[in-house]
Amino acid sequence: MKAAYQEVLRELLARLQAHLGSRDARERALTLVTLCIGGLVASRNVADPALARALREAAYRQAQTVLNSRPC
């Protein structure tokens, strides 16, 4: 199971890096994956629907910030 999950993550990271194309693409791709997965996992593990939505929306906004930021 871990090997399959790892393979999917590696493929996602590779695609994001190719899309970002900057010198810090790997770091930004790792950040995006972490935000997306973390936001989803956190939102699915709280009982309060408003908090769950807020967690997803915050992760989405921050992912957009990472996507639209200029590399250092």
# chains A, B, ... in the order shown; residues from 1 in each chain; ligands from 1

call {"tool": "residues_around", "arguments": {"residues": "segment 20-31 of chain A", "least_positions_apart": "5", "cutoff": "9 Å", "atoms": "only C-alpha atoms", "output": "ChimeraX atom specification"}}
result
/A:12-15,36,63,66-67,70-72

call {"tool": "write_last_selection", "arguments": {"atoms": "N, CA, C and O atoms", "output": "PDB file, in the first residue's frame"}}
result
ATOM      1  N   LEU A  12       2.544  12.826  -9.069  1.00  0.00           N
ATOM      2  CA  LEU A  12       1.940  14.141  -8.854  1.00  0.00           C
ATOM      3  C   LEU A  12       3.016  15.206  -8.706  1.00  0.00           C
ATOM      4  O   LEU A  12       2.927  16.283  -9.307  1.00  0.00           O
ATOM      5  N   LEU A  13       4.037  14.924  -7.920  1.00  0.00           N
ATOM      6  CA  LEU A  13       5.132  15.878  -7.742  1.00  0.00           C
ATOM      7  C   LEU A  13       5.834  16.170  -9.064  1.00  0.00           C
ATOM      8  O   LEU A  13       6.151  17.324  -9.367  1.00  0.00           O
ATOM      9  N   ALA A  14       6.081  15.143  -9.851  1.00  0.00           N
ATOM     10  CA  ALA A  14       6.743  15.333 -11.145  1.00  0.00           C
ATOM     11  C   ALA A  14       5.910  16.223 -12.062  1.00  0.00           C
ATOM     12  O   ALA A  14       6.450  17.117 -12.733  1.00  0.00           O
ATOM     13  N   ARG A  15       4.614  16.001 -12.083  1.00  0.00           N
ATOM     14  CA  ARG A  15       3.741  16.824 -12.934  1.00  0.00           C
ATOM     15  C   ARG A  15       3.699  18.270 -12.461  1.00  0.00           C
ATOM     16  O   ARG A  15       3.744  19.198 -13.271  1.00  0.00           O
ATOM     17  N   CYS A  36      -2.577  20.413   0.089  1.00  0.00           N
ATOM     18  CA  CYS A  36      -3.786  19.747  -0.404  1.00  0.00           C
ATOM     19  C   CYS A  36      -4.149  18.528   0.426  1.00  0.00           C
ATOM     20  O   CYS A  36      -5.299  18.362   0.843  1.00  0.00           O
ATOM     21  N   ALA A  63      -2.722  27.264  -1.377  1.00  0.00           N
ATOM     22  CA  ALA A  63      -2.203  26.582  -2.572  1.00  0.00           C
ATOM     23  C   ALA A  63      -2.205  27.537  -3.760  1.00  0.00           C
ATOM     24  O   ALA A  63      -1.254  27.568  -4.547  1.00  0.00           O
ATOM     25  N   VAL A  66       0.742  29.831  -3.452  1.00  0.00           N
ATOM     26  CA  VAL A  66       1.990  29.161  -3.852  1.00  0.00           C
ATOM     27  C   VAL A  66       2.074  29.085  -5.380  1.00  0.00           C
ATOM     28  O   VAL A  66       3.114  29.349  -5.970  1.00  0.00           O
ATOM     29  N   LEU A  67       0.961  28.728  -6.010  1.00  0.00           N
ATOM     30  CA  LEU A  67       0.961  28.617  -7.482  1.00  0.00           C
ATOM     31  C   LEU A  67       1.235  29.943  -8.161  1.00  0.00           C
ATOM     32  O   LEU A  67       1.912  30.006  -9.180  1.00  0.00           O
ATOM     33  N   ARG A  70       5.953  34.254  -7.262  1.00  0.00           N
ATOM     34  CA  ARG A  70       7.153  34.245  -8.100  1.00  0.00           C
ATOM     35  C   ARG A  70       8.275  33.572  -7.326  1.00  0.00           C
ATOM     36  O   ARG A  70       8.424  33.769  -6.128  1.00  0.00           O
ATOM     37  N   PRO A  71       9.088  32.793  -8.018  1.00  0.00           N
ATOM     38  CA  PRO A  71      10.221  32.146  -7.337  1.00  0.00           C
ATOM     39  C   PRO A  71      11.199  33.178  -6.797  1.00  0.00           C
ATOM     40  O   PRO A  71      11.346  34.254  -7.353  1.00  0.00           O
ATOM     41  N   CYS A  72      11.871  32.819  -5.719  1.00  0.00           N
ATOM     42  CA  CYS A  72      12.883  33.699  -5.122  1.00  0.00           C
ATOM     43  C   CYS A  72      14.124  33.738  -5.962  1.00  0.00           C
ATOM     44  O   CYS A  72      14.486  32.843  -6.640  1.00  0.00           O
TER      45      CYS A  72
END

call {"tool": "select_by_dssp", "arguments": {"residues": "chain A", "states": "helix (DSSP H, G or I)", "output": "MDAnalysis selection string"}}
result
chainID A and resid 2:20 25:44 49:68

call {"tool": "atom_distance", "arguments": {"atom1": "atom CA of Leu35 of chain A", "atom2": "atom CA of Ala58 of chain A"}}
result
9.2 Å

call {"tool": "closest_residue", "arguments": {"among": "A:Leu16, A:Gly39, A:Met1, A:Asn68", "to": "Ala54 of chain A", "atoms": "only C-alpha atoms"}}
result
A:Gly39

call {"tool": "residues_around", "arguments": {"residues": "Glu11 of chain A", "least_positions_apart": "6", "cutoff": "12 Å", "atoms": "only C-alpha atoms", "output": "list in words"}}
result
Ala4, Tyr5, Gln17, Ala18, Ala29, Leu30 and Val33 of chain A

call {"tool": "atom_distance", "arguments": {"atom1": "atom CA of Ala42 of chain A", "atom2": "atom CA of Leu55 of chain A"}}
result
7.1 Å

call {"tool": "closest_residue", "arguments": {"among": "A:Arg10, A:His19, A:Ala52, A:Ala59", "to": "Thr34 of chain A", "atoms": "only C-alpha atoms"}}
result
A:Ala59

call {"tool": "decode", "arguments": {"residues": "segment 41-66 of chain A", "atoms": "N, CA and C atoms", "output": "PDB file, in the first residue's frame"}}
result
ATOM      1  N   VAL A  41      -7.237  15.935   4.786  1.00  0.00           N
ATOM      2  CA  VAL A  41      -7.233  15.013   5.930  1.00  0.00           C
ATOM      3  C   VAL A  41      -7.780  15.719   7.175  1.00  0.00           C
ATOM      4  N   ALA A  42      -7.320  16.939   7.425  1.00  0.00           N
ATOM      5  CA  ALA A  42      -7.800  17.669   8.604  1.00  0.00           C
ATOM      6  C   ALA A  42      -9.302  17.918   8.517  1.00  0.00           C
ATOM      7  N   SER A  43      -9.778  18.316   7.342  1.00  0.00           N
ATOM      8  CA  SER A  43     -11.204  18.631   7.203  1.00  0.00           C
ATOM      9  C   SER A  43     -12.089  17.400   7.340  1.00  0.00           C
ATOM     10  N   ARG A  44     -11.569  16.264   6.986  1.00  0.00           N
ATOM     11  CA  ARG A  44     -12.362  15.035   7.088  1.00  0.00           C
ATOM     12  C   ARG A  44     -12.354  14.439   8.499  1.00  0.00           C
ATOM     13  N   ASN A  45     -11.548  14.999   9.361  1.00  0.00           N
ATOM     14  CA  ASN A  45     -11.433  14.427  10.706  1.00  0.00           C
ATOM     15  C   ASN A  45     -11.910  15.354  11.807  1.00  0.00           C
ATOM     16  N   VAL A  46     -12.758  16.306  11.455  1.00  0.00           N
ATOM     17  CA  VAL A  46     -13.415  17.143  12.458  1.00  0.00           C
ATOM     18  C   VAL A  46     -14.921  16.971  12.306  1.00  0.00           C
ATOM     19  N   ALA A  47     -15.635  17.110  13.399  1.00  0.00           N
ATOM     20  CA  ALA A  47     -17.088  16.916  13.388  1.00  0.00           C
ATOM     21  C   ALA A  47     -17.833  18.170  12.930  1.00  0.00           C
ATOM     22  N   ASP A  48     -17.244  19.319  13.104  1.00  0.00           N
ATOM     23  CA  ASP A  48     -17.897  20.594  12.792  1.00  0.00           C
ATOM     24  C   ASP A  48     -17.802  20.895  11.292  1.00  0.00           C
ATOM     25  N   PRO A  49     -18.926  20.888  10.573  1.00  0.00           N
ATOM     26  CA  PRO A  49     -18.898  21.135   9.128  1.00  0.00           C
ATOM     27  C   PRO A  49     -18.328  22.506   8.758  1.00  0.00           C
ATOM     28  N   ALA A  50     -18.575  23.511   9.592  1.00  0.00           N
ATOM     29  CA  ALA A  50     -18.052  24.852   9.301  1.00  0.00           C
ATOM     30  C   ALA A  50     -16.529  24.860   9.406  1.00  0.00           C
ATOM     31  N   LEU A  51     -16.005  24.200  10.415  1.00  0.00           N
ATOM     32  CA  LEU A  51     -14.552  24.115  10.570  1.00  0.00           C
ATOM     33  C   LEU A  51     -13.951  23.306   9.427  1.00  0.00           C
ATOM     34  N   ALA A  52     -14.596  22.225   9.047  1.00  0.00           N
ATOM     35  CA  ALA A  52     -14.102  21.409   7.935  1.00  0.00           C
ATOM     36  C   ALA A  52     -14.011  22.242   6.656  1.00  0.00           C
ATOM     37  N   ARG A  53     -15.042  23.002   6.400  1.00  0.00           N
ATOM     38  CA  ARG A  53     -15.052  23.860   5.201  1.00  0.00           C
ATOM     39  C   ARG A  53     -13.964  24.924   5.282  1.00  0.00           C
ATOM     40  N   ALA A  54     -13.818  25.539   6.454  1.00  0.00           N
ATOM     41  CA  ALA A  54     -12.789  26.564   6.638  1.00  0.00           C
ATOM     42  C   ALA A  54     -11.395  25.990   6.402  1.00  0.00           C
ATOM     43  N   LEU A  55     -11.148  24.776   6.857  1.00  0.00           N
ATOM     44  CA  LEU A  55      -9.846  24.129   6.642  1.00  0.00           C
ATOM     45  C   LEU A  55      -9.585  23.902   5.154  1.00  0.00           C
ATOM     46  N   ARG A  56     -10.588  23.395   4.435  1.00  0.00           N
ATOM     47  CA  ARG A  56     -10.435  23.165   2.993  1.00  0.00           C
ATOM     48  C   ARG A  56     -10.213  24.475   2.251  1.00  0.00           C
ATOM     49  N   GLU A  57     -10.992  25.483   2.598  1.00  0.00           N
ATOM     50  CA  GLU A  57     -10.870  26.772   1.913  1.00  0.00           C
ATOM     51  C   GLU A  57      -9.520  27.433   2.190  1.00  0.00           C
ATOM     52  N   ALA A  58      -9.036  27.337   3.414  1.00  0.00           N
ATOM     53  CA  ALA A  58      -7.728  27.913   3.748  1.00  0.00           C
ATOM     54  C   ALA A  58      -6.618  27.205   2.979  1.00  0.00           C
ATOM     55  N   ALA A  59      -6.688  25.878   2.915  1.00  0.00           N
ATOM     56  CA  ALA A  59      -5.678  25.124   2.158  1.00  0.00           C
ATOM     57  C   ALA A  59      -5.723  25.511   0.690  1.00  0.00           C
ATOM     58  N   TYR A  60      -6.917  25.651   0.148  1.00  0.00           N
ATOM     59  CA  TYR A  60      -7.067  26.042  -1.261  1.00  0.00           C
ATOM     60  C   TYR A  60      -6.476  27.429  -1.511  1.00  0.00           C
ATOM     61  N   ARG A  61      -6.801  28.398  -0.659  1.00  0.00           N
ATOM     62  CA  ARG A  61      -6.272  29.760  -0.833  1.00  0.00           C
ATOM     63  C   ARG A  61      -4.750  29.772  -0.770  1.00  0.00           C
ATOM     64  N   GLN A  62      -4.187  29.042   0.169  1.00  0.00           N
ATOM     65  CA  GLN A  62      -2.730  29.030   0.297  1.00  0.00           C
ATOM     66  C   GLN A  62      -2.081  28.308  -0.881  1.00  0.00           C
ATOM     67  N   ALA A  63      -2.722  27.264  -1.377  1.00  0.00           N
ATOM     68  CA  ALA A  63      -2.203  26.582  -2.572  1.00  0.00           C
ATOM     69  C   ALA A  63      -2.205  27.537  -3.760  1.00  0.00           C
ATOM     70  N   GLN A  64      -3.254  28.325  -3.898  1.00  0.00           N
ATOM     71  CA  GLN A  64      -3.302  29.315  -4.981  1.00  0.00           C
ATOM     72  C   GLN A  64      -2.185  30.346  -4.826  1.00  0.00           C
ATOM     73  N   THR A  65      -1.911  30.736  -3.591  1.00  0.00           N
ATOM     74  CA  THR A  65      -0.822  31.677  -3.336  1.00  0.00           C
ATOM     75  C   THR A  65       0.510  31.090  -3.777  1.00  0.00           C
ATOM     76  N   VAL A  66       0.742  29.831  -3.452  1.00  0.00           N
ATOM     77  CA  VAL A  66       1.990  29.161  -3.852  1.00  0.00           C
ATOM     78  C   VAL A  66       2.074  29.085  -5.380  1.00  0.00           C
TER      79      VAL A  66
END
